[in-house]
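Raw entry-v5.txt, compact mmCIF, C-alpha atoms:
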```
# COMPACT_ATOMS: atom_id res chain seq x y z
CA MET A 1 49.51 24.77 113.72
CA SER A 2 47.61 27.63 115.36
CA ALA A 3 44.32 28.84 113.92
CA THR A 4 45.96 32.14 113.01
CA GLN A 5 49.66 32.67 112.33
CA LYS A 6 50.19 36.22 113.56
CA ASP A 7 53.64 36.45 111.98
CA LEU A 8 52.81 34.95 108.55
CA ALA A 9 52.17 37.21 105.56
CA VAL A 10 51.27 35.95 102.10
CA ILE A 11 52.50 38.46 99.51
CA ALA A 12 51.09 38.27 95.96
CA ILE A 13 53.08 40.12 93.30
CA GLY A 14 51.74 40.62 89.78
CA GLY A 15 53.20 39.22 86.58
CA ASN A 16 52.88 42.66 85.04
CA SER A 17 55.04 44.13 87.81
CA LEU A 18 57.92 42.00 86.52
CA ILE A 19 57.94 44.15 83.38
CA SER A 20 58.83 47.71 84.35
CA GLU A 21 58.17 49.15 80.87
CA ASN A 22 57.32 48.02 77.35
CA SER A 23 60.92 48.09 76.17
CA LYS A 24 62.11 45.85 79.05
CA LYS A 25 60.65 42.39 78.52
CA SER A 26 63.75 40.20 78.42
CA VAL A 27 64.44 37.58 81.09
CA GLU A 28 67.27 39.76 82.37
CA ASP A 29 65.00 42.81 82.53
CA GLN A 30 62.43 40.84 84.47
CA TYR A 31 65.07 39.69 86.96
CA ASP A 32 66.10 43.31 87.51
CA ALA A 33 62.45 44.19 88.20
CA ILE A 34 62.19 41.28 90.65
CA CYS A 35 65.30 42.47 92.48
CA ALA A 36 63.77 45.94 92.87
CA THR A 37 60.60 44.44 94.38
CA ILE A 38 62.49 41.98 96.59
CA VAL A 39 64.16 44.83 98.51
CA HIS A 40 60.75 45.76 99.89
CA ILE A 41 59.77 42.14 100.64
CA ALA A 42 63.01 41.76 102.60
CA ASP A 43 61.84 44.72 104.70
CA VAL A 44 58.71 42.73 105.57
CA ILE A 45 60.84 39.76 106.65
CA GLU A 46 63.05 42.01 108.75
CA SER A 47 59.93 43.30 110.53
CA GLY A 48 59.73 39.84 112.11
CA ARG A 49 57.32 38.13 109.73
CA LYS A 50 57.51 34.85 107.88
CA VAL A 51 56.73 35.35 104.21
CA ILE A 52 55.16 33.34 101.42
CA ILE A 53 55.48 34.95 97.99
CA THR A 54 53.10 34.17 95.16
CA HIS A 55 53.33 35.71 91.72
CA GLY A 56 51.38 36.33 88.55
CA ASN A 57 52.41 35.09 85.11
CA GLY A 58 50.00 36.57 82.54
CA PRO A 59 52.58 38.26 80.30
CA GLN A 60 55.08 35.42 80.66
CA VAL A 61 52.54 32.72 79.74
CA GLY A 62 51.61 34.82 76.72
CA PHE A 63 55.25 35.01 75.64
CA ILE A 64 55.64 31.22 75.80
CA LEU A 65 52.41 30.66 73.88
CA LEU A 66 53.52 33.09 71.18
CA ARG A 67 56.96 31.49 70.87
CA SER A 68 55.30 28.08 70.67
CA GLU A 69 52.96 29.26 67.91
CA ILE A 70 55.83 30.78 65.90
CA ALA A 71 57.88 27.59 66.27
CA ARG A 72 54.91 25.47 65.20
CA LYS A 73 54.22 27.55 62.09
CA ASN A 74 57.86 27.97 61.01
CA ASN A 75 59.48 24.69 62.04
CA GLY A 76 56.67 22.23 62.66
CA MET A 77 57.48 22.02 66.37
CA HIS A 78 54.87 20.62 68.74
CA PRO A 79 52.73 23.24 70.49
CA VAL A 80 53.19 23.84 74.23
CA PRO A 81 49.92 23.25 76.14
CA LEU A 82 48.72 26.16 78.27
CA VAL A 83 49.01 24.09 81.47
CA SER A 84 52.69 23.43 80.67
CA CYS A 85 53.23 27.16 80.14
CA VAL A 86 51.97 27.76 83.68
CA ALA A 87 54.36 25.12 85.02
CA ASP A 88 57.26 26.62 83.03
CA THR A 89 56.64 30.09 84.45
CA GLN A 90 56.38 28.71 87.98
CA GLY A 91 59.84 27.23 87.70
CA ALA A 92 61.51 30.17 85.96
CA ILE A 93 59.95 33.05 87.91
CA GLY A 94 60.07 31.12 91.18
CA TRP A 95 63.80 30.52 90.74
CA GLN A 96 64.42 34.21 90.03
CA ILE A 97 62.49 35.31 93.12
CA GLN A 98 64.21 32.66 95.24
CA GLN A 99 67.66 33.75 94.08
CA ALA A 100 66.95 37.47 94.40
CA LEU A 101 65.53 37.18 97.93
CA THR A 102 68.33 34.85 99.08
CA ASN A 103 70.92 37.34 97.81
CA GLU A 104 69.15 40.30 99.41
CA LEU A 105 68.87 38.61 102.81
CA LYS A 106 72.55 37.58 102.71
CA LYS A 107 73.52 41.14 101.85
CA ARG A 108 71.69 42.29 104.98
CA GLY A 109 73.24 39.61 107.17
CA ASN A 110 69.85 37.95 107.61
CA LYS A 111 69.95 34.15 107.95
CA GLY A 112 66.51 33.62 106.48
CA LYS A 113 66.15 30.68 104.08
CA VAL A 114 64.20 30.76 100.80
CA VAL A 115 62.90 27.97 98.57
CA SER A 116 60.47 27.81 95.63
CA LEU A 117 57.96 24.99 95.24
CA VAL A 118 56.16 23.91 92.07
CA THR A 119 52.52 23.80 93.14
CA GLN A 120 49.32 22.37 91.72
CA VAL A 121 45.92 23.92 92.44
CA ARG A 122 42.75 21.92 91.96
CA VAL A 123 39.75 23.36 90.13
CA GLN A 124 36.39 21.87 89.21
CA ALA A 125 36.17 20.29 85.74
CA ASP A 126 32.73 21.83 85.22
CA ASP A 127 33.77 25.34 86.31
CA PRO A 128 31.95 27.90 84.13
CA GLY A 129 35.27 29.70 83.57
CA PHE A 130 36.21 27.09 80.96
CA ALA A 131 33.30 28.17 78.78
CA ALA A 132 33.86 31.91 79.23
CA PRO A 133 37.59 32.83 78.95
CA ASP A 134 38.38 36.07 80.78
CA LYS A 135 41.98 35.85 82.08
CA PHE A 136 44.32 38.23 80.24
CA VAL A 137 47.65 36.82 79.05
CA GLY A 138 50.42 38.05 76.79
CA GLU A 139 51.05 41.40 75.19
CA PHE A 140 48.85 44.45 74.76
CA TYR A 141 47.60 45.23 71.25
CA THR A 142 45.94 48.24 69.67
CA GLU A 143 42.47 48.05 68.14
CA GLN A 144 44.10 48.28 64.70
CA ASP A 145 46.05 45.07 65.44
CA VAL A 146 42.95 43.00 66.22
CA PRO A 147 41.74 42.02 62.69
CA ALA A 148 45.17 40.71 61.66
CA LEU A 149 45.62 38.84 64.96
CA LYS A 150 42.25 37.13 64.56
CA ALA A 151 43.09 36.18 60.98
CA GLN A 152 46.50 34.77 61.97
CA ASN A 153 45.23 33.04 65.14
CA PRO A 154 41.56 32.08 64.67
CA GLU A 155 41.55 30.06 67.90
CA TRP A 156 42.45 33.11 70.02
CA VAL A 157 39.84 34.96 72.07
CA LEU A 158 40.68 38.68 72.31
CA LYS A 159 39.12 41.17 74.71
CA GLN A 160 39.74 44.78 75.65
CA ASP A 161 41.68 45.28 78.88
CA PRO A 162 40.09 48.57 80.05
CA GLY A 163 42.40 51.53 79.50
CA ARG A 164 45.32 49.38 78.37
CA GLY A 165 44.48 47.83 75.00
CA TRP A 166 43.47 44.43 73.62
CA ARG A 167 44.84 41.13 74.94
CA ARG A 168 44.31 37.43 74.54
CA VAL A 169 42.12 35.81 77.20
CA VAL A 170 42.12 32.20 78.42
CA PRO A 171 39.93 30.21 80.85
CA SER A 172 40.32 31.08 84.54
CA PRO A 173 38.47 28.63 86.81
CA THR A 174 38.05 29.23 90.54
CA PRO A 175 40.69 27.56 92.76
CA VAL A 176 39.33 25.10 95.33
CA GLU A 177 42.36 23.28 96.80
CA ILE A 178 46.13 23.76 97.15
CA VAL A 179 47.38 20.25 96.40
CA GLU A 180 50.84 20.56 97.98
CA LEU A 181 49.58 22.25 101.18
CA ASP A 182 51.26 19.70 103.47
CA ALA A 183 54.63 20.30 101.81
CA ILE A 184 54.17 24.07 102.18
CA ARG A 185 53.42 23.64 105.89
CA ALA A 186 56.48 21.42 106.35
CA LEU A 187 58.75 23.97 104.70
CA LEU A 188 57.29 26.79 106.81
CA ASP A 189 57.85 24.71 109.95
CA GLY A 190 61.43 24.19 108.75
CA GLY A 191 62.02 27.95 108.82
CA PHE A 192 61.82 28.65 105.09
CA ASN A 193 60.35 31.67 103.38
CA LEU A 194 58.51 30.27 100.37
CA VAL A 195 57.78 31.08 96.75
CA THR A 196 54.75 29.00 95.82
CA VAL A 197 51.39 28.89 93.98
CA GLY A 198 53.10 30.78 91.15
CA GLY A 199 50.77 32.03 88.45
CA GLY A 200 47.81 30.90 90.56
CA GLY A 201 49.12 27.34 90.59
CA ILE A 202 49.21 24.66 87.89
CA PRO A 203 45.50 23.95 87.26
CA VAL A 204 44.47 20.33 87.77
CA VAL A 205 41.19 18.42 88.10
CA ASN A 206 40.32 15.00 89.49
CA ASN A 207 40.93 12.36 86.83
CA GLY A 208 38.19 10.01 88.04
CA ASN A 209 40.65 7.38 89.25
CA GLY A 210 41.80 9.02 92.46
CA GLY A 211 44.49 11.04 90.74
CA LEU A 212 44.86 14.38 88.99
CA ARG A 213 45.30 15.64 85.44
CA GLY A 214 46.33 19.06 84.17
CA VAL A 215 43.90 21.32 82.33
CA ASP A 216 44.51 24.27 80.04
CA ALA A 217 43.75 27.39 82.08
CA VAL A 218 45.39 30.14 84.15
CA ILE A 219 44.05 30.58 87.68
CA ASP A 220 43.86 34.13 89.05
CA LYS A 221 46.86 34.47 91.35
CA ASP A 222 45.07 36.73 93.85
CA LEU A 223 42.23 34.25 94.35
CA ALA A 224 44.69 31.35 94.70
CA SER A 225 46.80 33.40 97.13
CA ARG A 226 43.71 34.08 99.21
CA LEU A 227 42.90 30.37 99.33
CA LEU A 228 46.46 29.58 100.39
CA ALA A 229 46.54 32.29 103.06
CA ASN A 230 43.30 31.08 104.63
CA ALA A 231 44.37 27.43 104.48
CA LEU A 232 47.55 28.28 106.38
CA GLY A 233 45.82 30.53 108.91
CA ALA A 234 47.89 33.56 107.86
CA SER A 235 46.83 36.77 109.57
CA THR A 236 47.82 39.05 106.68
CA LEU A 237 47.37 38.97 102.91
CA ILE A 238 49.39 41.53 100.95
CA ILE A 239 48.53 42.15 97.31
CA SER A 240 51.23 44.08 95.47
CA THR A 241 50.08 46.12 92.51
CA GLY A 242 51.09 49.11 90.38
CA VAL A 243 49.45 51.81 92.52
CA GLU A 244 49.89 52.86 96.14
CA LYS A 245 46.19 52.70 96.99
CA VAL A 246 42.92 51.32 95.70
CA CYS A 247 40.77 54.11 94.27
CA ILE A 248 37.08 54.61 93.68
CA ASN A 249 35.86 56.62 90.69
CA PHE A 250 39.18 55.75 89.08
CA GLY A 251 40.25 58.11 86.28
CA ARG A 252 37.52 60.63 87.04
CA ALA A 253 37.71 64.12 88.50
CA ASP A 254 36.26 62.81 91.78
CA GLN A 255 38.74 59.93 92.09
CA LYS A 256 39.36 59.04 95.74
CA ALA A 257 42.11 56.88 97.22
CA LEU A 258 41.19 54.48 100.02
CA ALA A 259 43.46 54.18 103.08
CA ASP A 260 41.93 52.50 106.17
CA ILE A 261 38.67 50.79 105.26
CA THR A 262 36.50 47.98 106.60
CA ALA A 263 35.46 44.94 104.61
CA ALA A 264 31.85 46.11 104.73
CA GLU A 265 32.74 49.49 103.23
CA LEU A 266 34.89 47.91 100.52
CA ARG A 267 32.18 45.36 99.71
CA ALA A 268 29.68 48.18 99.13
CA TYR A 269 32.03 49.78 96.58
CA TYR A 270 32.65 46.37 94.97
CA GLU A 271 28.93 45.74 94.57
CA GLN A 272 28.57 49.19 92.98
CA GLY A 273 30.92 48.01 90.21
CA GLN A 274 33.79 50.30 91.21
CA PHE A 275 36.49 47.73 90.46
CA PRO A 276 36.77 46.32 86.89
CA ALA A 277 37.13 42.57 86.44
CA GLY A 278 40.27 43.02 84.35
CA SER A 279 42.25 45.03 86.90
CA MET A 280 41.37 45.75 90.55
CA GLY A 281 38.27 43.53 90.71
CA PRO A 282 39.98 40.18 91.45
CA LYS A 283 42.23 41.83 94.05
CA VAL A 284 39.27 43.29 95.92
CA LYS A 285 37.35 39.99 95.69
CA ALA A 286 40.38 38.12 97.04
CA ALA A 287 40.65 40.62 99.91
CA LEU A 288 36.99 40.21 100.85
CA ASP A 289 37.12 36.40 100.59
CA PHE A 290 40.22 36.30 102.80
CA LEU A 291 38.58 38.39 105.52
CA ASP A 292 35.32 36.44 105.24
CA ASN A 293 37.24 33.21 105.90
CA GLY A 294 39.12 34.25 109.04
CA GLY A 295 41.90 36.53 107.83
CA GLU A 296 42.61 39.62 109.89
CA LYS A 297 44.07 42.18 107.50
CA VAL A 298 44.64 42.83 103.81
CA ILE A 299 47.08 45.35 102.36
CA ILE A 300 46.87 46.41 98.71
CA THR A 301 49.74 48.66 97.62
CA SER A 302 52.77 49.03 95.37
CA PRO A 303 56.07 47.36 96.36
CA GLU A 304 57.81 50.59 97.37
CA HIS A 305 55.06 51.31 99.92
CA LEU A 306 55.10 47.87 101.54
CA LYS A 307 57.23 48.87 104.53
CA ALA A 308 55.05 51.87 105.30
CA ALA A 309 51.87 49.86 104.81
CA ILE A 310 52.80 47.08 107.24
CA ASN A 311 53.40 49.86 109.77
CA ASP A 312 49.93 51.30 109.05
CA GLN A 313 51.35 54.33 107.25
CA GLY A 314 50.64 53.64 103.58
CA GLY A 315 48.66 51.65 101.06
CA THR A 316 45.06 50.53 101.32
CA ARG A 317 44.54 48.61 104.59
CA ILE A 318 41.38 46.55 104.89
CA SER A 319 40.14 45.07 108.16
CA ARG A 320 37.16 42.95 109.17
```
Translate the structure of the given file into structure tokens.
Amino acid sequence: MSATQKDLAVIAIGGNSLISENSKKSVEDQYDAICATIVHIADVIESGRKVIITHGNGPQVGFILLRSEIARKNNGMHPVPLVSCVADTQGAIGWQIQQALTNELKKRGNKGKVVSLVTQVRVQADDPGFAAPDKFVGEFYTEQDVPALKAQNPEWVLKQDPGRGWRRVVPSPTPVEIVELDAIRALLDGGFNLVTVGGGGIPVVNNGNGGLRGVDAVIDKDLASRLLANALGASTLIISTGVEKVCINFGRADQKALADITAAELRAYYEQGQFPAGSMGPKVKAALDFLDNGGEKVIITSPEHLKAAINDQGGTRISR
């Protein structure tokens, strides 16, 4: 495998982007949202690139946890561990993306193949993220909801998601290794477009006996996608989000959208605290880490601007 795969793009789509609006949270609604995004990813494939798709799962993990808690309280059912929730969302969302992209490519007469792969990502057992939960999952709540939620669920940790409300947070350790990397490479070499490292990957640690064990956490999907892209030598990392461009001074009168920007310029804004940890911060950190480790280009934009962005006509485009 070459040091840099010029035609390989890793595209990370957010779990929140699978829910187009508050009233559309059903599995069917989420599939419709995936289909809308997939049209633009198919455009990237038709530009001559191989594609790996990763996805977030924050809302979906929260839904499973809430259903599990309701079932436990009302029917005495066993609780679903957080690590199993991550695995469940990998399978369900991965299948939906796989099916939607396969259908879209067939509709276009494109012979591209698509497969989803359940993927583990190793983290360190002593990662400080386990002691300081900060990864948002589940629904948004108002400040008035918080006292009742804490009373009903004393084990929950709730934090304010800036500008959007209160949400549950869970541990989010730093990813250090994509366990199934060899399988991913084999599938790429076999001509497949891939859906993998869903929800940041199923978090695992070394078990002390040469094996692995799952741990309750949710890895940030942008940081895991960065790790994957660098490990594969991908030239381009694309981070899909809800806005066309990254902005500085967001929400202020002097808000400014960023188009073409160097890593050094973006790093200066990052160090100024321009990008909150709960929203754009992890995306910008992933972009900088990718470029620091040999990547050539990062695009951060909304799905509908993907085609323009890969042709240098839209989105925020970050270079070394």
Which residues of segment 79-193 of chain A sit at most 10 Å from segment 219-239 of chain A, using all atoms listed in the file? Give each one's shortest atom pair and distance in Å (one decimal place), in chain and ascending residue order, as CSV.
```
residue,atom,partner,partner_atom,distance
A:Val86,CA,A:Ile219,CA,9.3
A:Val121,CA,A:Ala224,CA,7.9
A:Arg122,CA,A:Ile219,CA,9.7
A:Val123,CA,A:Ile219,CA,8.8
A:Gly129,CA,A:Ile219,CA,9.7
A:Lys135,CA,A:Asp220,CA,7.4
A:Phe136,CA,A:Asp220,CA,9.7
A:Val170,CA,A:Ile219,CA,9.6
A:Pro171,CA,A:Ile219,CA,8.0
A:Ser172,CA,A:Ile219,CA,4.9
A:Pro173,CA,A:Ile219,CA,6.0
A:Thr174,CA,A:Ile219,CA,6.8
A:Pro175,CA,A:Ala224,CA,5.8
A:Val176,CA,A:Leu227,CA,7.5
A:Glu177,CA,A:Leu227,CA,7.5
A:Ile178,CA,A:Leu228,CA,6.7
A:Leu181,CA,A:Leu228,CA,8.0
A:Asp182,CA,A:Leu232,CA,9.8
A:Ile184,CA,A:Leu232,CA,8.9
A:Arg185,CA,A:Leu232,CA,7.5
A:Leu188,CA,A:Leu232,CA,9.9
```
For this session: Around the point (54.1, 28.3, 95.8) in the file's coordinates, collect all residues with an atom within 12 Å, using all atoms listed in the file, and return them as a ChimeraX atom specification.
Result: /A:10-12,51-56,87,89-91,93-95,97-98,114-121,178-185,187-188,193-202,221,224-225,227-229
So that I have them on file, write out the residues from the current selection with C-alpha atoms, as a JSON list (two decimals), keeping the file's coordinate frame.
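Result saved to out05.json:
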```json
[["chain", "number", "residue", "atom", "x", "y", "z"],
["A", 10, "VAL", "CA", 51.27, 35.95, 102.10],
["A", 11, "ILE", "CA", 52.50, 38.46, 99.51],
["A", 12, "ALA", "CA", 51.09, 38.27, 95.96],
["A", 51, "VAL", "CA", 56.73, 35.35, 104.21],
["A", 52, "ILE", "CA", 55.16, 33.34, 101.42],
["A", 53, "ILE", "CA", 55.48, 34.95, 97.99],
["A", 54, "THR", "CA", 53.10, 34.17, 95.16],
["A", 55, "HIS", "CA", 53.33, 35.71, 91.72],
["A", 56, "GLY", "CA", 51.38, 36.33, 88.55],
["A", 87, "ALA", "CA", 54.36, 25.12, 85.02],
["A", 89, "THR", "CA", 56.64, 30.09, 84.45],
["A", 90, "GLN", "CA", 56.38, 28.71, 87.98],
["A", 91, "GLY", "CA", 59.84, 27.23, 87.70],
["A", 93, "ILE", "CA", 59.95, 33.05, 87.91],
["A", 94, "GLY", "CA", 60.07, 31.12, 91.18],
["A", 95, "TRP", "CA", 63.80, 30.52, 90.74],
["A", 97, "ILE", "CA", 62.49, 35.31, 93.12],
["A", 98, "GLN", "CA", 64.21, 32.66, 95.24],
["A", 114, "VAL", "CA", 64.20, 30.76, 100.80],
["A", 115, "VAL", "CA", 62.90, 27.97, 98.57],
["A", 116, "SER", "CA", 60.47, 27.81, 95.63],
["A", 117, "LEU", "CA", 57.96, 24.99, 95.24],
["A", 118, "VAL", "CA", 56.16, 23.91, 92.07],
["A", 119, "THR", "CA", 52.52, 23.80, 93.14],
["A", 120, "GLN", "CA", 49.32, 22.37, 91.72],
["A", 121, "VAL", "CA", 45.92, 23.92, 92.44],
["A", 178, "ILE", "CA", 46.13, 23.76, 97.15],
["A", 179, "VAL", "CA", 47.38, 20.25, 96.40],
["A", 180, "GLU", "CA", 50.84, 20.56, 97.98],
["A", 181, "LEU", "CA", 49.58, 22.25, 101.18],
["A", 182, "ASP", "CA", 51.26, 19.70, 103.47],
["A", 183, "ALA", "CA", 54.63, 20.30, 101.81],
["A", 184, "ILE", "CA", 54.17, 24.07, 102.18],
["A", 185, "ARG", "CA", 53.42, 23.64, 105.89],
["A", 187, "LEU", "CA", 58.75, 23.97, 104.70],
["A", 188, "LEU", "CA", 57.29, 26.79, 106.81],
["A", 193, "ASN", "CA", 60.35, 31.67, 103.38],
["A", 194, "LEU", "CA", 58.51, 30.27, 100.37],
["A", 195, "VAL", "CA", 57.78, 31.08, 96.75],
["A", 196, "THR", "CA", 54.75, 29.00, 95.82],
["A", 197, "VAL", "CA", 51.39, 28.89, 93.98],
["A", 198, "GLY", "CA", 53.10, 30.78, 91.15],
["A", 199, "GLY", "CA", 50.77, 32.03, 88.45],
["A", 200, "GLY", "CA", 47.81, 30.90, 90.56],
["A", 201, "GLY", "CA", 49.12, 27.34, 90.59],
["A", 202, "ILE", "CA", 49.21, 24.66, 87.89],
["A", 221, "LYS", "CA", 46.86, 34.47, 91.35],
["A", 224, "ALA", "CA", 44.69, 31.35, 94.70],
["A", 225, "SER", "CA", 46.80, 33.40, 97.13],
["A", 227, "LEU", "CA", 42.90, 30.37, 99.33],
["A", 228, "LEU", "CA", 46.46, 29.58, 100.39],
["A", 229, "ALA", "CA", 46.54, 32.29, 103.06]]
```
For this session: Could you please determine the separation between atom CA of Phe63 of chain A and atom CA of Pro162 of chain A in Å, to one decimal place?
Result: 20.8 Å
For this session: Would you mind telling me which residue in A:Ile318, A:Cys247, A:Thr102, A:Val137 lies nearest to Asp292 of chain A when using only C-alpha atoms?
Result: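 The shortest atom-to-atom distance to Asp292 of chain A comes from A:Ile318.
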Exercise. How many Å lie between atom CA of Asp7 of chain A and atom CA of Ser302 of chain A, rounded to one decimal?
Worked result: 20.9 Å
Problem set entry | Counting only C-alpha atoms, the residue of A:Gln152, A:Asn110, A:Thr301, A:Ser319 that sits nearest Ile45 of chain A |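 Residue with the minimum atom-to-atom distance to Ile45 of chain A: A:Asn110.
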Seminar exercise, completed: For Ile41 of chain A, the closest of A:Glu104, A:Glu244, A:Asp260, A:Asp88 counting all atoms listed in the file is A:Glu104
Problem set entry | Distance in Å - atom CA of Arg49 of chain A versus atom CA of Ser279 of chain A |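 According to the coordinates, atom CA of Arg49 of chain A and atom CA of Ser279 of chain A are separated by 28.2 Å.
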Exercise. Pick the closest to Ala100 of chain A from A:Lys245, A:Lys50, A:His40, A:Lys24: which is it, counting only C-alpha atoms?
Worked result: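 Among A:Lys245, A:Lys50, A:His40, A:Lys24, it is A:His40 that comes nearest to Ala100 of chain A.
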For this session: Check the smallest atom-to-atom distance from each of A:Met77, A:Glu69, A:Gln60, A:Ala263 to Asn293 of chain A using all atoms listed in the file, then report the winner.
Result: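 Ranked by minimum distance to Asn293 of chain A, first place goes to A:Ala263.
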For this session: Using all atoms listed in the file, pick whichever of A:Gly163, A:Gly109, A:Gly295, A:Gly76 has the shortest atom-to-atom distance to Phe140 of chain A.
Result: A:Gly163
Using all atoms of segment 205-208 of chain A that appear in the file, construct an axis-aligned enclosing box with 8 Å of padding on every side and provide its centre coordinates and edge lengths in Å, rounded to one decimal, as AutoDock Vina command-line options.
```
--center_x 39.7 --center_y 14.2 --center_z 88.2 --size_x 19.0 --size_y 24.4 --size_z 18.7
```
For this session: Write out as JSON, numbers by chain each polymer residue whose atoms come within 8 Å of Glu143 of chain A, counting all atoms listed in the file; drop sequence neighbours fewer than 3 positions from it.
Result: {"A": [146, 165, 166]}
Exercise. Counting all atoms listed in the file, what is within 9 Å of Ser47 of chain A, bar same-chain residues fewer than 4 positions away, as a list in words?
Worked result: Ala42, Asp43, Lys307 and Ile310 of chain A
File for segment 311-317 of chain A (all heavy atoms), as a PDB file, in the first residue's frame:
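result.pdb, freshly written:
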```
ATOM      1  N   ASN A 311     -14.354  19.934  -5.206  1.00  0.00           N
ATOM      2  CA  ASN A 311     -13.875  20.662  -6.378  1.00  0.00           C
ATOM      3  C   ASN A 311     -13.376  22.057  -6.014  1.00  0.00           C
ATOM      4  O   ASN A 311     -13.284  22.941  -6.873  1.00  0.00           O
ATOM      5  CB  ASN A 311     -14.997  20.756  -7.425  1.00  0.00           C
ATOM      6  CG  ASN A 311     -15.323  19.409  -8.041  1.00  0.00           C
ATOM      7  OD1 ASN A 311     -14.422  18.693  -8.478  1.00  0.00           O
ATOM      8  ND2 ASN A 311     -16.591  19.046  -8.070  1.00  0.00           N
ATOM      9  N   ASP A 312     -13.067  22.241  -4.726  1.00  0.00           N
ATOM     10  CA  ASP A 312     -12.494  23.495  -4.210  1.00  0.00           C
ATOM     11  C   ASP A 312     -13.405  24.696  -4.421  1.00  0.00           C
ATOM     12  O   ASP A 312     -12.947  25.816  -4.636  1.00  0.00           O
ATOM     13  CB  ASP A 312     -11.121  23.762  -4.848  1.00  0.00           C
ATOM     14  CG  ASP A 312     -10.100  22.698  -4.466  1.00  0.00           C
ATOM     15  OD1 ASP A 312     -10.207  22.164  -3.347  1.00  0.00           O
ATOM     16  OD2 ASP A 312      -9.219  22.401  -5.283  1.00  0.00           O
ATOM     17  N   GLN A 313     -14.721  24.458  -4.314  1.00  0.00           N
ATOM     18  CA  GLN A 313     -15.669  25.552  -4.536  1.00  0.00           C
ATOM     19  C   GLN A 313     -16.661  25.718  -3.386  1.00  0.00           C
ATOM     20  O   GLN A 313     -17.658  26.409  -3.524  1.00  0.00           O
ATOM     21  CB  GLN A 313     -16.434  25.323  -5.857  1.00  0.00           C
ATOM     22  CG  GLN A 313     -15.540  25.366  -7.082  1.00  0.00           C
ATOM     23  CD  GLN A 313     -16.282  24.995  -8.353  1.00  0.00           C
ATOM     24  OE1 GLN A 313     -17.423  24.533  -8.322  1.00  0.00           O
ATOM     25  NE2 GLN A 313     -15.625  25.181  -9.479  1.00  0.00           N
ATOM     26  N   GLY A 314     -16.419  25.096  -2.263  1.00  0.00           N
ATOM     27  CA  GLY A 314     -17.335  25.216  -1.132  1.00  0.00           C
ATOM     28  C   GLY A 314     -16.725  24.639   0.116  1.00  0.00           C
ATOM     29  O   GLY A 314     -15.641  24.021   0.090  1.00  0.00           O
ATOM     30  N   GLY A 315     -17.389  24.827   1.235  1.00  0.00           N
ATOM     31  CA  GLY A 315     -16.943  24.292   2.510  1.00  0.00           C
ATOM     32  C   GLY A 315     -15.700  24.979   3.034  1.00  0.00           C
ATOM     33  O   GLY A 315     -15.171  25.923   2.440  1.00  0.00           O
ATOM     34  N   THR A 316     -15.242  24.476   4.181  1.00  0.00           N
ATOM     35  CA  THR A 316     -13.951  24.901   4.728  1.00  0.00           C
ATOM     36  C   THR A 316     -12.916  23.874   4.308  1.00  0.00           C
ATOM     37  O   THR A 316     -13.054  22.694   4.586  1.00  0.00           O
ATOM     38  CB  THR A 316     -14.011  24.998   6.269  1.00  0.00           C
ATOM     39  OG1 THR A 316     -14.936  26.011   6.636  1.00  0.00           O
ATOM     40  CG2 THR A 316     -12.638  25.331   6.844  1.00  0.00           C
ATOM     41  N   ARG A 317     -11.858  24.338   3.641  1.00  0.00           N
ATOM     42  CA  ARG A 317     -10.816  23.452   3.091  1.00  0.00           C
ATOM     43  C   ARG A 317      -9.497  23.800   3.772  1.00  0.00           C
ATOM     44  O   ARG A 317      -9.006  24.930   3.656  1.00  0.00           O
ATOM     45  CB  ARG A 317     -10.746  23.625   1.583  1.00  0.00           C
ATOM     46  CG  ARG A 317     -12.086  23.364   0.906  1.00  0.00           C
ATOM     47  CD  ARG A 317     -12.024  23.556  -0.607  1.00  0.00           C
ATOM     48  NE  ARG A 317     -11.627  24.900  -1.014  1.00  0.00           N
ATOM     49  CZ  ARG A 317     -12.446  25.947  -1.084  1.00  0.00           C
ATOM     50  NH1 ARG A 317     -13.721  25.807  -0.737  1.00  0.00           N
ATOM     51  NH2 ARG A 317     -12.002  27.128  -1.455  1.00  0.00           N
TER      52      ARG A 317
END
```
